[in-house]
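Undergrad: One file: work.cif (mmCIF, C-alpha atoms and all ligand atoms).
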```cif
data_model
loop_
_atom_site.label_atom_id
_atom_site.label_comp_id
_atom_site.auth_asym_id
_atom_site.auth_seq_id
_atom_site.Cartn_x
_atom_site.Cartn_y
_atom_site.Cartn_z
CA MET K 1 0.00 0.00 0.00
CA SER K 2 1.29 3.44 -0.87
CA GLN K 3 1.80 5.94 1.95
CA TYR K 4 0.47 9.48 1.66
CA ARG K 5 2.91 12.18 0.64
CA THR K 6 2.13 15.56 -0.88
CA PHE K 7 2.91 15.49 -4.60
CA SER K 8 5.42 17.78 -6.27
CA ALA K 9 5.01 18.59 -9.98
CA ARG K 10 7.57 15.88 -10.73
CA ASP K 11 5.59 13.29 -8.68
CA ALA K 12 2.45 14.26 -10.58
CA VAL K 13 4.12 13.69 -13.96
CA ALA K 14 5.46 10.27 -12.87
CA TYR K 15 2.03 9.33 -11.55
CA ALA K 16 0.28 10.38 -14.76
CA GLN K 17 2.81 8.39 -16.80
CA GLN K 18 1.99 5.31 -14.74
CA PHE K 19 -1.78 5.64 -14.37
CA GLY K 20 -2.96 8.04 -17.08
CA GLY K 21 -3.80 5.25 -19.52
CA LEU K 22 -2.09 7.04 -22.43
CA ASP K 23 -0.54 5.08 -25.32
CA ASN K 24 2.76 6.96 -25.07
CA PRO K 25 3.15 7.87 -21.40
CA SER K 26 6.77 8.96 -21.86
CA GLU K 27 5.40 11.94 -23.83
CA LEU K 28 4.17 13.37 -20.54
CA VAL K 29 6.99 15.62 -19.39
CA ASP K 30 5.80 18.57 -17.37
CA ALA K 31 3.23 19.64 -14.78
CA GLN K 32 1.76 22.86 -13.52
CA GLU K 33 -0.22 23.17 -10.29
CA VAL K 34 -3.36 25.12 -11.18
CA GLY K 35 -5.65 24.48 -8.19
CA ASP K 36 -7.62 27.61 -7.36
CA GLY K 37 -10.33 25.97 -5.27
CA ASN K 38 -10.56 25.88 -1.51
CA LEU K 39 -9.27 22.39 -0.85
CA ASN K 40 -6.93 20.49 -3.18
CA LEU K 41 -3.84 20.36 -5.38
CA VAL K 42 -4.63 20.15 -9.10
CA PHE K 43 -1.86 19.47 -11.64
CA LYS K 44 -2.18 19.85 -15.39
CA ILE K 45 0.16 17.35 -17.04
CA PHE K 46 1.72 18.51 -20.34
CA ASP K 47 3.21 16.55 -23.23
CA THR K 48 6.37 17.41 -25.21
CA GLN K 49 4.30 19.79 -27.39
CA GLY K 50 3.18 21.74 -24.31
CA VAL K 51 -0.38 20.40 -24.64
CA SER K 52 -2.22 19.64 -21.40
CA ARG K 53 -3.26 15.97 -21.66
CA ILE K 54 -4.48 14.81 -18.27
CA ILE K 55 -5.22 16.03 -14.73
CA VAL K 56 -3.77 14.74 -11.46
CA LYS K 57 -5.72 15.91 -8.42
CA GLN K 58 -4.60 15.30 -4.85
CA ALA K 59 -6.37 16.05 -1.59
CA LEU K 60 -4.31 17.90 1.01
CA PRO K 61 -4.70 16.86 4.65
CA TYR K 62 -6.07 20.32 5.49
CA VAL K 63 -8.34 23.02 4.04
CA ARG K 64 -6.13 24.75 1.47
CA CYS K 65 -7.82 28.16 1.68
CA VAL K 66 -7.44 28.26 5.46
CA GLY K 67 -4.20 26.37 6.13
CA GLU K 68 -2.93 23.53 8.31
CA SER K 69 -4.87 24.84 11.31
CA TRP K 70 -7.97 23.23 9.74
CA PRO K 71 -7.16 19.53 9.19
CA LEU K 72 -9.41 17.64 6.79
CA THR K 73 -9.94 13.98 5.97
CA LEU K 74 -8.03 12.51 3.02
CA ASP K 75 -10.88 10.05 2.57
CA ARG K 76 -12.62 12.81 0.63
CA ALA K 77 -10.53 11.84 -2.40
CA ARG K 78 -12.06 8.34 -2.35
CA LEU K 79 -15.52 9.83 -1.88
CA GLU K 80 -14.99 12.26 -4.73
CA ALA K 81 -13.65 9.62 -7.11
CA GLN K 82 -16.37 7.10 -6.25
CA THR K 83 -19.13 9.72 -6.53
CA LEU K 84 -17.86 10.77 -9.96
CA VAL K 85 -17.49 7.14 -11.09
CA GLU K 86 -21.07 6.43 -9.96
CA HIS K 87 -22.40 9.59 -11.62
CA TYR K 88 -20.45 8.82 -14.80
CA GLN K 89 -22.34 5.52 -15.08
CA HIS K 90 -25.62 7.42 -15.23
CA SER K 91 -24.55 10.58 -17.06
CA PRO K 92 -21.25 10.01 -18.94
CA GLN K 93 -21.83 13.07 -21.12
CA HIS K 94 -21.98 15.39 -18.16
CA THR K 95 -19.54 13.90 -15.63
CA VAL K 96 -15.74 14.16 -15.73
CA LYS K 97 -14.12 10.77 -16.41
CA ILE K 98 -11.93 9.33 -13.64
CA HIS K 99 -9.16 7.12 -15.07
CA HIS K 100 -7.63 5.99 -11.80
CA PHE K 101 -7.64 6.74 -8.09
CA ASP K 102 -5.61 5.73 -5.07
CA PRO K 103 -7.25 6.20 -1.67
CA GLN K 104 -3.93 6.01 0.24
CA LEU K 105 -2.32 8.79 -1.76
CA ALA K 106 -5.70 10.60 -1.92
CA VAL K 107 -5.02 11.14 -5.59
CA MET K 108 -6.95 10.68 -8.82
CA VAL K 109 -6.13 10.92 -12.49
CA MET K 110 -8.88 12.36 -14.62
CA GLU K 111 -9.91 13.60 -18.01
CA ASP K 112 -8.37 16.93 -19.04
CA LEU K 113 -11.02 19.54 -19.77
CA SER K 114 -8.69 22.34 -20.89
CA ASP K 115 -10.88 22.94 -23.94
CA HIS K 116 -13.71 23.84 -21.53
CA LYS K 117 -14.11 26.85 -19.25
CA ILE K 118 -15.39 27.10 -15.69
CA TRP K 119 -19.03 28.18 -15.95
CA ARG K 120 -18.75 30.73 -13.13
CA GLY K 121 -16.17 32.79 -15.04
CA GLU K 122 -18.27 32.66 -18.18
CA LEU K 123 -21.39 33.76 -16.31
CA ILE K 124 -19.46 36.68 -14.82
CA ASN K 125 -18.22 37.69 -18.29
CA ASN K 126 -21.73 37.18 -19.64
CA VAL K 127 -20.70 34.52 -22.14
CA PHE K 128 -23.88 32.58 -22.80
CA TYR K 129 -23.99 28.79 -23.25
CA PRO K 130 -27.48 28.12 -24.58
CA HIS K 131 -27.46 24.39 -23.70
CA ALA K 132 -25.84 24.57 -20.28
CA ALA K 133 -28.95 24.91 -18.09
CA ALA K 134 -30.74 22.01 -19.81
CA GLN K 135 -27.60 19.87 -19.64
CA LEU K 136 -27.25 20.56 -15.93
CA GLY K 137 -30.93 19.64 -15.43
CA GLU K 138 -30.34 16.43 -17.40
CA TYR K 139 -27.21 15.55 -15.36
CA LEU K 140 -29.04 16.10 -12.08
CA ALA K 141 -32.10 14.09 -13.17
CA GLN K 142 -30.00 11.12 -14.35
CA VAL K 143 -27.64 10.87 -11.38
CA LEU K 144 -30.22 11.64 -8.71
CA PHE K 145 -32.92 9.34 -10.11
CA HIS K 146 -30.58 6.37 -10.64
CA THR K 147 -29.19 6.59 -7.09
CA SER K 148 -32.61 7.00 -5.45
CA ASP K 149 -35.11 4.53 -3.97
CA PHE K 150 -37.14 4.86 -7.17
CA TYR K 151 -34.44 2.91 -9.00
CA LEU K 152 -32.06 1.10 -6.63
CA HIS K 153 -32.93 -2.19 -4.94
CA PRO K 154 -33.38 -1.43 -1.21
CA HIS K 155 -30.34 -3.57 -0.29
CA ASP K 156 -28.13 -1.82 -2.86
CA LYS K 157 -29.40 1.57 -1.77
CA LYS K 158 -28.52 0.90 1.86
CA ALA K 159 -25.09 -0.46 0.90
CA GLN K 160 -24.45 2.69 -1.15
CA VAL K 161 -25.62 4.97 1.65
CA ALA K 162 -22.99 3.26 3.85
CA GLN K 163 -20.29 3.49 1.17
CA PHE K 164 -20.87 7.21 0.78
CA ILE K 165 -21.08 8.21 4.44
CA ASN K 166 -19.11 11.46 4.39
CA PRO K 167 -19.28 12.94 7.89
CA GLU K 168 -16.38 15.38 7.77
CA MET K 169 -17.32 17.02 4.48
CA CYS K 170 -20.99 17.11 5.50
CA GLU K 171 -19.94 18.81 8.73
CA ILE K 172 -18.35 21.62 6.69
CA THR K 173 -21.65 22.15 4.87
CA GLU K 174 -23.65 21.80 8.08
CA ASP K 175 -21.55 24.53 9.71
CA LEU K 176 -21.08 26.89 6.77
CA PHE K 177 -24.65 26.75 5.43
CA PHE K 178 -26.77 26.36 8.51
CA ASN K 179 -24.84 27.60 11.56
CA ASP K 180 -22.20 30.26 10.92
CA PRO K 181 -24.27 32.96 9.17
CA TYR K 182 -26.86 32.90 11.96
CA GLN K 183 -24.42 33.37 14.84
CA ILE K 184 -21.30 35.36 15.62
CA HIS K 185 -18.46 33.19 14.31
CA GLU K 186 -14.80 33.85 13.51
CA ARG K 187 -15.18 32.14 10.12
CA ASN K 188 -17.76 34.68 8.98
CA ASN K 189 -16.53 37.19 6.44
CA TYR K 190 -18.48 40.31 5.48
CA PRO K 191 -17.83 44.05 5.36
CA ALA K 192 -18.49 46.09 8.48
CA GLU K 193 -21.01 48.14 6.46
CA LEU K 194 -23.28 45.05 6.40
CA GLU K 195 -23.24 44.52 10.17
CA ALA K 196 -26.88 45.57 10.62
CA ASP K 197 -28.03 43.23 7.82
CA VAL K 198 -26.12 40.30 9.34
CA ALA K 199 -27.26 41.09 12.88
CA ALA K 200 -30.83 40.95 11.54
CA LEU K 201 -30.20 37.34 10.43
CA ARG K 202 -29.10 36.44 13.95
CA ASP K 203 -32.19 38.11 15.44
CA ASP K 204 -34.76 36.52 13.13
CA THR K 205 -36.39 33.64 15.00
CA GLN K 206 -38.65 32.61 12.12
CA LEU K 207 -35.69 32.50 9.77
CA LYS K 208 -33.63 30.41 12.17
CA LEU K 209 -36.52 27.95 12.61
CA ALA K 210 -36.74 27.53 8.83
CA VAL K 211 -32.95 27.07 8.61
CA ALA K 212 -33.12 24.47 11.40
CA ALA K 213 -35.68 22.50 9.36
CA LEU K 214 -33.41 22.64 6.29
CA LYS K 215 -30.39 21.50 8.30
CA HIS K 216 -32.47 18.65 9.73
CA ARG K 217 -33.33 17.52 6.20
CA PHE K 218 -29.68 17.78 5.19
CA PHE K 219 -28.80 15.54 8.18
CA SER K 220 -31.43 12.91 7.68
CA HIS K 221 -32.96 12.61 4.19
CA ALA K 222 -30.82 10.09 2.30
CA GLU K 223 -32.75 10.47 -0.96
CA ALA K 224 -29.97 10.11 -3.56
CA LEU K 225 -26.20 10.34 -4.09
CA LEU K 226 -25.76 14.10 -4.30
CA HIS K 227 -22.87 15.89 -5.95
CA GLY K 228 -22.95 17.93 -2.74
CA ASP K 229 -21.32 21.13 -4.07
CA ILE K 230 -22.77 21.73 -7.53
CA HIS K 231 -22.07 25.45 -7.82
CA SER K 232 -21.04 27.10 -11.10
CA GLY K 233 -17.34 26.69 -10.14
CA SER K 234 -17.81 22.88 -10.12
CA ILE K 235 -19.04 22.92 -13.73
CA PHE K 236 -17.01 23.02 -16.93
CA VAL K 237 -18.70 24.26 -20.12
CA ALA K 238 -17.78 24.39 -23.79
CA GLU K 239 -19.93 24.95 -26.87
CA GLY K 240 -22.73 22.39 -26.53
CA ARG K 241 -20.98 20.60 -23.66
CA LEU K 242 -21.14 20.55 -19.86
CA LYS K 243 -19.27 18.43 -17.30
CA ALA K 244 -19.53 18.30 -13.51
CA ILE K 245 -16.30 18.03 -11.50
CA ASP K 246 -15.26 18.30 -7.82
CA ALA K 247 -17.62 15.94 -5.99
CA GLU K 248 -15.78 15.57 -2.65
CA PHE K 249 -18.94 16.61 -0.79
CA GLY K 250 -20.86 13.68 -2.34
CA TYR K 251 -23.17 11.79 0.05
CA PHE K 252 -26.75 10.51 0.19
CA GLY K 253 -28.83 13.56 1.04
CA PRO K 254 -31.94 15.52 0.03
CA ILE K 255 -32.21 15.99 -3.74
CA GLY K 256 -33.33 19.59 -3.23
CA PHE K 257 -29.87 20.43 -1.88
CA ASP K 258 -28.21 19.91 -5.27
CA ILE K 259 -31.00 21.69 -7.13
CA GLY K 260 -30.98 24.58 -4.65
CA THR K 261 -27.18 24.96 -4.82
CA ALA K 262 -27.29 25.07 -8.63
CA ILE K 263 -30.14 27.61 -8.74
CA GLY K 264 -28.53 29.59 -5.91
CA ASN K 265 -25.35 30.11 -7.88
CA LEU K 266 -27.27 31.40 -10.89
CA LEU K 267 -28.99 33.82 -8.52
CA LEU K 268 -25.68 34.89 -6.95
CA ASN K 269 -24.52 35.70 -10.45
CA TYR K 270 -27.83 37.54 -11.04
CA CYS K 271 -27.20 39.64 -7.92
CA GLY K 272 -23.62 40.47 -8.99
CA LEU K 273 -24.25 41.31 -12.66
CA PRO K 274 -24.80 45.08 -12.23
CA GLY K 275 -21.34 45.26 -10.65
CA HIS K 276 -19.73 43.80 -13.79
CA LEU K 277 -21.93 45.06 -16.63
CA GLY K 278 -23.50 48.22 -15.25
CA ILE K 279 -27.18 48.45 -14.36
CA ARG K 280 -28.48 48.87 -17.94
CA ASP K 281 -26.60 45.97 -19.57
CA ALA K 282 -27.16 43.76 -16.54
CA ALA K 283 -30.92 43.77 -17.17
CA SER K 284 -30.88 41.51 -20.23
CA ALA K 285 -28.17 39.25 -18.75
CA ARG K 286 -30.35 38.89 -15.67
CA GLU K 287 -33.29 37.79 -17.83
CA GLN K 288 -31.01 35.12 -19.29
CA ARG K 289 -30.16 33.84 -15.79
CA LEU K 290 -33.88 33.65 -14.93
CA SER K 291 -34.50 31.79 -18.15
CA ASP K 292 -31.65 29.39 -17.26
CA ILE K 293 -33.26 28.75 -13.87
CA GLN K 294 -36.56 28.02 -15.61
CA THR K 295 -34.85 25.61 -18.03
CA LEU K 296 -32.76 23.94 -15.34
CA TRP K 297 -35.75 23.14 -13.15
CA SER K 298 -38.15 22.17 -15.95
CA THR K 299 -35.56 19.89 -17.58
CA PHE K 300 -34.73 18.28 -14.24
CA ALA K 301 -38.39 17.77 -13.27
CA GLU K 302 -39.50 16.48 -16.69
CA ARG K 303 -36.58 14.08 -17.01
CA PHE K 304 -36.91 12.81 -13.43
CA GLN K 305 -40.65 12.30 -13.96
CA ALA K 306 -40.05 10.46 -17.25
CA LEU K 307 -37.39 8.23 -15.68
CA ALA K 308 -39.75 7.52 -12.78
CA SER K 309 -42.54 6.50 -15.19
CA GLU K 310 -40.24 4.24 -17.23
CA LYS K 311 -37.86 2.80 -14.67
CA THR K 312 -39.21 2.89 -11.10
CA ARG K 313 -38.62 -0.56 -9.65
CA ASP K 314 -40.30 -0.18 -6.27
CA ALA K 315 -43.96 -1.21 -6.47
CA ALA K 316 -45.22 1.40 -4.00
CA LEU K 317 -43.14 4.29 -5.36
CA ALA K 318 -44.40 3.41 -8.88
CA GLN K 319 -47.92 4.44 -7.86
CA PRO K 320 -49.06 7.00 -10.49
CA GLY K 321 -48.89 10.49 -9.01
CA TYR K 322 -46.24 9.65 -6.40
CA ALA K 323 -43.21 10.90 -8.38
CA SER K 324 -44.87 14.25 -9.05
CA ALA K 325 -45.85 14.58 -5.37
CA PHE K 326 -42.23 13.82 -4.46
CA LEU K 327 -40.97 16.45 -6.91
CA LYS K 328 -43.15 19.07 -5.19
CA LYS K 329 -41.25 18.38 -1.95
CA VAL K 330 -37.94 18.49 -3.80
CA TRP K 331 -38.92 21.90 -5.21
CA CYS K 332 -39.81 23.30 -1.80
CA ASP K 333 -36.51 22.00 -0.35
CA ALA K 334 -34.60 23.43 -3.30
CA ILE K 335 -35.94 26.95 -2.70
CA GLY K 336 -34.98 26.81 0.96
CA PHE K 337 -31.49 25.42 0.28
CA CYS K 338 -31.05 27.98 -2.47
CA GLY K 339 -31.73 30.72 0.10
CA THR K 340 -29.09 29.29 2.46
CA GLU K 341 -26.55 29.24 -0.39
CA LEU K 342 -27.23 32.93 -1.12
CA ILE K 343 -26.71 33.86 2.51
CA ARG K 344 -23.67 31.73 3.29
CA ARG K 345 -21.85 32.96 0.16
CA SER K 346 -22.47 36.57 1.25
CA VAL K 347 -21.79 36.35 4.97
CA GLY K 348 -19.81 33.18 5.62
CA LEU K 349 -16.30 31.85 4.99
CA SER K 350 -16.55 31.06 1.31
CA HIS K 351 -17.73 33.74 -1.12
CA VAL K 352 -18.23 33.77 -4.90
CA ALA K 353 -16.28 35.73 -7.49
CA ASP K 354 -19.60 36.84 -9.04
CA ILE K 355 -19.85 39.38 -6.21
CA ASP K 356 -16.43 39.52 -4.56
CA THR K 357 -14.61 40.68 -7.71
CA ILE K 358 -16.84 43.76 -8.13
CA LYS K 359 -14.38 46.66 -7.91
CA ASP K 360 -16.72 49.43 -6.83
CA GLU K 361 -17.11 49.00 -3.08
CA ALA K 362 -20.56 50.57 -2.76
CA MET K 363 -21.86 48.45 -5.64
CA ARG K 364 -20.29 45.31 -4.13
CA HIS K 365 -21.99 45.98 -0.84
CA ALA K 366 -25.32 46.60 -2.60
CA CYS K 367 -25.00 43.26 -4.41
CA LEU K 368 -24.16 41.44 -1.16
CA ARG K 369 -27.17 43.07 0.49
CA HIS K 370 -29.34 42.00 -2.43
CA ALA K 371 -28.18 38.37 -2.09
CA ILE K 372 -28.85 38.39 1.67
CA THR K 373 -32.33 39.92 1.26
CA LEU K 374 -33.27 37.50 -1.52
CA GLY K 375 -31.83 34.50 0.36
CA LYS K 376 -33.73 35.39 3.50
CA ALA K 377 -37.00 35.83 1.61
CA LEU K 378 -36.62 32.51 -0.20
CA ILE K 379 -35.96 30.60 3.02
CA LEU K 380 -39.01 32.16 4.68
CA ILE K 381 -41.49 31.71 1.81
CA ALA K 382 -40.16 28.48 0.27
CA GLY K 383 -43.37 26.60 1.09
CA ARG K 384 -45.48 29.22 -0.70
CA ILE K 385 -43.57 29.29 -3.99
CA GLU K 386 -45.51 26.74 -5.99
CA ASN K 387 -43.51 26.65 -9.20
CA VAL K 388 -40.60 28.12 -11.11
CA ASP K 389 -42.67 30.99 -12.57
CA GLU K 390 -43.55 32.08 -9.04
CA LEU K 391 -39.89 31.87 -8.06
CA ILE K 392 -38.95 34.12 -10.94
CA ALA K 393 -41.70 36.58 -9.98
CA ARG K 394 -40.35 36.64 -6.40
CA VAL K 395 -36.78 37.21 -7.62
CA ARG K 396 -37.99 40.19 -9.66
CA GLN K 397 -39.88 41.47 -6.63
CA TYR K 398 -36.68 41.50 -4.55
CA SER K 399 -34.52 43.12 -7.25
C1 LIG B 401 -13.82 24.96 3.63
S1 LIG B 401 -14.48 24.60 2.10
C2 LIG B 401 -15.46 25.96 1.69
C3 LIG B 401 -16.34 25.74 0.54
O1 LIG B 401 -15.59 25.38 -0.60
C4 LIG B 401 -16.21 24.33 -1.29
O2 LIG B 401 -16.26 24.53 -2.66
C5 LIG B 401 -17.58 24.19 -0.68
O3 LIG B 401 -18.53 25.00 -1.34
C6 LIG B 401 -17.35 24.63 0.71
O4 LIG B 401 -18.50 25.00 1.37
MG MG B 402 -15.16 22.21 -4.94
#
```
So that I can check it, write out the structure of this file as structure tokens.
Ligand code: SR1
Ligand code: MG

TA:
Amino acid sequence: MSQYRTFSARDAVAYAQQFGGLDNPSELVDAQEVGDGNLNLVFKIFDTQGVSRIIVKQALPYVRCVGESWPLTLDRARLEAQTLVEHYQHSPQHTVKIHHFDPQLAVMVMEDLSDHKIWRGELINNVFYPHAAAQLGEYLAQVLFHTSDFYLHPHDKKAQVAQFINPEMCEITEDLFFNDPYQIHERNNYPAELEADVAALRDDTQLKLAVAALKHRFFSHAEALLHGDIHSGSIFVAEGRLKAIDAEFGYFGPIGFDIGTAIGNLLLNYCGLPGHLGIRDAASAREQRLSDIQTLWSTFAERFQALASEKTRDAALAQPGYASAFLKKVWCDAIGFCGTELIRRSVGLSHVADIDTIKDEAMRHACLRHAITLGKALILIAGRIENVDELIARVRQYS
């Protein structure tokens, strides 16, 4: 068994030569560490022509964006690789391909997506990918349906729930989404000018009750194998293509969490657009984001419903009408989780470039305030927003 050691660029090249599955591995000669996320090392491995051919990703034994003072399980690399392998089985078009992984070294070798771009950056620059929202809806429907009780044999489902128990990564989400923004905490990160807005979150009993209910669902509703962190920075896009990456938060949880995170990140972008494009040009880009939300949800719901009609194996869950009743609950959860994503990305440890890179300070603060106000409203009225058109109307109301 290999012992863990942190890879250098040279180690990453040697590893890719051995496990990259290329016909001429000796052509791999160079590596560059390009990780810009919060957690891991990511090496691009280049051939003799300087072309990036494959990715080597290694988990560090601590949270990269914080430092060694916050140790973190290396088992997340196994969970990430196994989640992506499982998702790839159900949605190969929209899941990054894992060629190899080693749980001891906490390392994986995966498909190079250098001809794609991270969706978040494209949304900020207002580069539109007309198929992306539908593709994301399709990915979520396929992977969430095929890992749910609608499809899996009850024994297999329970075995998979055990395989994907992910307590340490879930604890990060539990703290960052549902605790920190609603209390005074050293991890919180927001400008002093927003103190009154943040204090109002801490003082809002109704809001905290609704957040408690969402956290309870996150703890206890093992509905499907979630991606667990499907924000626009975990999604690569290219013309007509979309691929999910970065699934180290994967576990069996409430389906609405993935949907809410995805919608939440489109709304964070919506909130930040005036800071990048100016108020006038932001208006049409904002309409595009709302249209993407509409497409994302309707594609997800229609595909999930169709899969449930064709492929549900459980006799009781196959009862006509049950899948659509279930999707109503997923929708309600999604709105609530979406609200928590808006708030934690504005107030908590981990922000989004959609707002944080706005240069004008007053505008940046206005966009943060918008995200907090919208997030709070969505959490409080989630149960009263019947469908995606009503969500869009509410978003306009809070603009
Ligand atoms: C300590 S990790 C902070 C955030 O980064 C990841 O991408 C997740 O969104 C997590 O909440
Ligand atoms: Mg990530």

Undergrad: Distance table requested - chain K against ligand MG 402 (chain B), cut-off 7 Å, all atoms listed in the file: one row per qualifying residue with the closest atom pair and its distance in Å to one decimal, ordered by chain and rising residue number, as a tab-separated table.

TA:
```
residue	atom	partner	partner_atom	distance
K:Gly37	CA	B:MG402	MG	6.1
K:Asn38	CA	B:MG402	MG	6.8
K:Asp229	CA	B:MG402	MG	6.3
K:Ser234	CA	B:MG402	MG	5.9
K:Asp246	CA	B:MG402	MG	4.9
K:Ala247	CA	B:MG402	MG	6.8
```

Undergrad: As number ranges by chain, please: every protein or nucleic acid residue near ligand LIG 401 (chain B) (cut-off 10 Å, counting all atoms listed in the file).

TA: K: 37-39, 62-66, 70, 72, 169-177, 187, 228-231, 233-234, 246-249, 261, 341, 344-345, 348-352

Undergrad: Choose the residue, out of K:Val85, K:Leu277, K:Ala196, K:Ala285, that has the smallest atom-to-atom separation from K:Lys359; count all atoms listed in the file.

TA: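 For K:Lys359, the nearest of the given residues is K:Leu277.
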
Undergrad: With only C-alpha atoms as the atoms that count, which of K:Asn166, K:Leu152, K:Val395, K:Tyr270 lies nearest to K:Ser284?

TA: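 Of K:Asn166, K:Leu152, K:Val395, K:Tyr270, the one nearest K:Ser284 is K:Tyr270, counting only C-alpha atoms.
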
Undergrad: Rank K:Arg53, K:Arg303, K:His87, K:Arg76 by their smallest atom-to-atom distance to K:His227, using all atoms listed in the file, and report the top residue only.

TA: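 Using all atoms listed in the file, the shortest distance to K:His227 belongs to K:His87.
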
Undergrad: Taking 6 positions as the minimum chain separation for residues in the same chain, which residues sit within 10 Å of K:Glu223 when counting only C-alpha atoms? Answer as number ranges by chain.

TA: K: 144-145, 147-150, 157, 161, 251-256, 330

Undergrad: Using all atoms listed in the file, which of K:Leu209, K:Ala16, K:Val143, K:Leu374 sits nearest K:Gln89?

TA: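 Using all atoms listed in the file, the shortest distance to K:Gln89 belongs to K:Val143.
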
Undergrad: For a quick check of understanding, using all atoms listed in the file, which of K:Met110, K:Leu225, K:Val237, K:Leu79 has the smallest distance to K:Leu22?

TA: K:Met110

Undergrad: From the list K:Val42, K:Met108, K:Ala371, K:Ala77, which residue is nearest K:Gly20 when using all atoms listed in the file?

TA: K:Met108

Undergrad: Using all atoms listed in the file, what residues lie at most 12 Å away from (7.9, 14.5, -9.4) (file coordinates), given as an mmCIF file with C-alpha atoms, in the coordinates of the input?

TA:
```cif
data_model
loop_
_atom_site.group_PDB
_atom_site.id
_atom_site.type_symbol
_atom_site.label_atom_id
_atom_site.label_comp_id
_atom_site.auth_asym_id
_atom_site.auth_seq_id
_atom_site.Cartn_x
_atom_site.Cartn_y
_atom_site.Cartn_z
ATOM 1 C CA ARG K 5 2.910 12.180 0.640
ATOM 2 C CA THR K 6 2.130 15.560 -0.880
ATOM 3 C CA PHE K 7 2.910 15.490 -4.600
ATOM 4 C CA SER K 8 5.420 17.780 -6.270
ATOM 5 C CA ALA K 9 5.010 18.590 -9.980
ATOM 6 C CA ARG K 10 7.570 15.880 -10.730
ATOM 7 C CA ASP K 11 5.590 13.290 -8.680
ATOM 8 C CA ALA K 12 2.450 14.260 -10.580
ATOM 9 C CA VAL K 13 4.120 13.690 -13.960
ATOM 10 C CA ALA K 14 5.460 10.270 -12.870
ATOM 11 C CA TYR K 15 2.030 9.330 -11.550
ATOM 12 C CA ALA K 16 0.280 10.380 -14.760
ATOM 13 C CA GLN K 17 2.810 8.390 -16.800
ATOM 14 C CA LEU K 28 4.170 13.370 -20.540
ATOM 15 C CA VAL K 29 6.990 15.620 -19.390
ATOM 16 C CA ASP K 30 5.800 18.570 -17.370
ATOM 17 C CA ALA K 31 3.230 19.640 -14.780
ATOM 18 C CA GLN K 32 1.760 22.860 -13.520
ATOM 19 C CA GLU K 33 -0.220 23.170 -10.290
ATOM 20 C CA PHE K 43 -1.860 19.470 -11.640
ATOM 21 C CA ILE K 45 0.160 17.350 -17.040
ATOM 22 C CA VAL K 56 -3.770 14.740 -11.460
#
```

Undergrad: Could you jot down the atom CA of K:Ile263 to atom CA of K:Cys338 separation for me, Å, one decimal place?

TA: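 It comes out at 6.3 Å.
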
Undergrad: Quick one: pull the distance between atom CA of K:Phe337 and atom CA of K:Ala308, Å, one decimal.

TA: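 So the two atoms, atom CA of K:Phe337 and atom CA of K:Ala308, lie 23.6 Å apart.
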
Undergrad: Atom CA of K:Gln3 and atom CA of K:Val107, how far apart in Å?

TA: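 Calculated distance between atom CA of K:Val107 and atom CA of K:Gln3 is 11.4 Å.
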
Undergrad: Please, which residues in stretch 278-304 of chain K fall within 6 Å of stretch 126-142 of chain K when counting only C-alpha atoms, and what is the closest atom pair and distance in Å to one decimal for each, ordered by chain then residue number, as a Markdown table?

TA:
```
| residue | atom | partner | partner_atom | distance |
| --- | --- | --- | --- | --- |
| K:Asp292 | CA | K:Ala133 | CA | 5.3 |
| K:Thr295 | CA | K:Ala134 | CA | 5.7 |
| K:Leu296 | CA | K:Gly137 | CA | 4.7 |
| K:Thr299 | CA | K:Gly137 | CA | 5.1 |
| K:Phe300 | CA | K:Gly137 | CA | 4.2 |
| K:Arg303 | CA | K:Ala141 | CA | 5.9 |
| K:Phe304 | CA | K:Ala141 | CA | 5.0 |
```

Undergrad: Counting all atoms listed in the file, what is within 12 Å of K:Lys208, bar same-chain residues fewer than 3 positions away, as a short mmCIF file (atom, residue, chain, number, x, y, z; two decimals) with C-alpha atoms, in the coordinates of the input?

TA:
```cif
data_model
loop_
_atom_site.label_atom_id
_atom_site.label_comp_id
_atom_site.auth_asym_id
_atom_site.auth_seq_id
_atom_site.Cartn_x
_atom_site.Cartn_y
_atom_site.Cartn_z
CA PHE K 177 -24.65 26.75 5.43
CA PHE K 178 -26.77 26.36 8.51
CA ASN K 179 -24.84 27.60 11.56
CA ASP K 180 -22.20 30.26 10.92
CA PRO K 181 -24.27 32.96 9.17
CA TYR K 182 -26.86 32.90 11.96
CA GLN K 183 -24.42 33.37 14.84
CA ALA K 200 -30.83 40.95 11.54
CA LEU K 201 -30.20 37.34 10.43
CA ARG K 202 -29.10 36.44 13.95
CA ASP K 203 -32.19 38.11 15.44
CA ASP K 204 -34.76 36.52 13.13
CA THR K 205 -36.39 33.64 15.00
CA VAL K 211 -32.95 27.07 8.61
CA ALA K 212 -33.12 24.47 11.40
CA ALA K 213 -35.68 22.50 9.36
CA LEU K 214 -33.41 22.64 6.29
CA LYS K 215 -30.39 21.50 8.30
CA GLY K 336 -34.98 26.81 0.96
CA THR K 340 -29.09 29.29 2.46
CA LYS K 376 -33.73 35.39 3.50
CA ILE K 379 -35.96 30.60 3.02
CA LEU K 380 -39.01 32.16 4.68
#
```

Undergrad: Env of stretch 97-104 of chain K: 8 Å cut, atoms = all atoms listed in the file, seq-sep filter 5 positions within chain, self excluded. Answer as a ChimeraX atom specification.

TA: /K:1-4,19-21,74-75,77-78,81,84-85,88,92,109-111
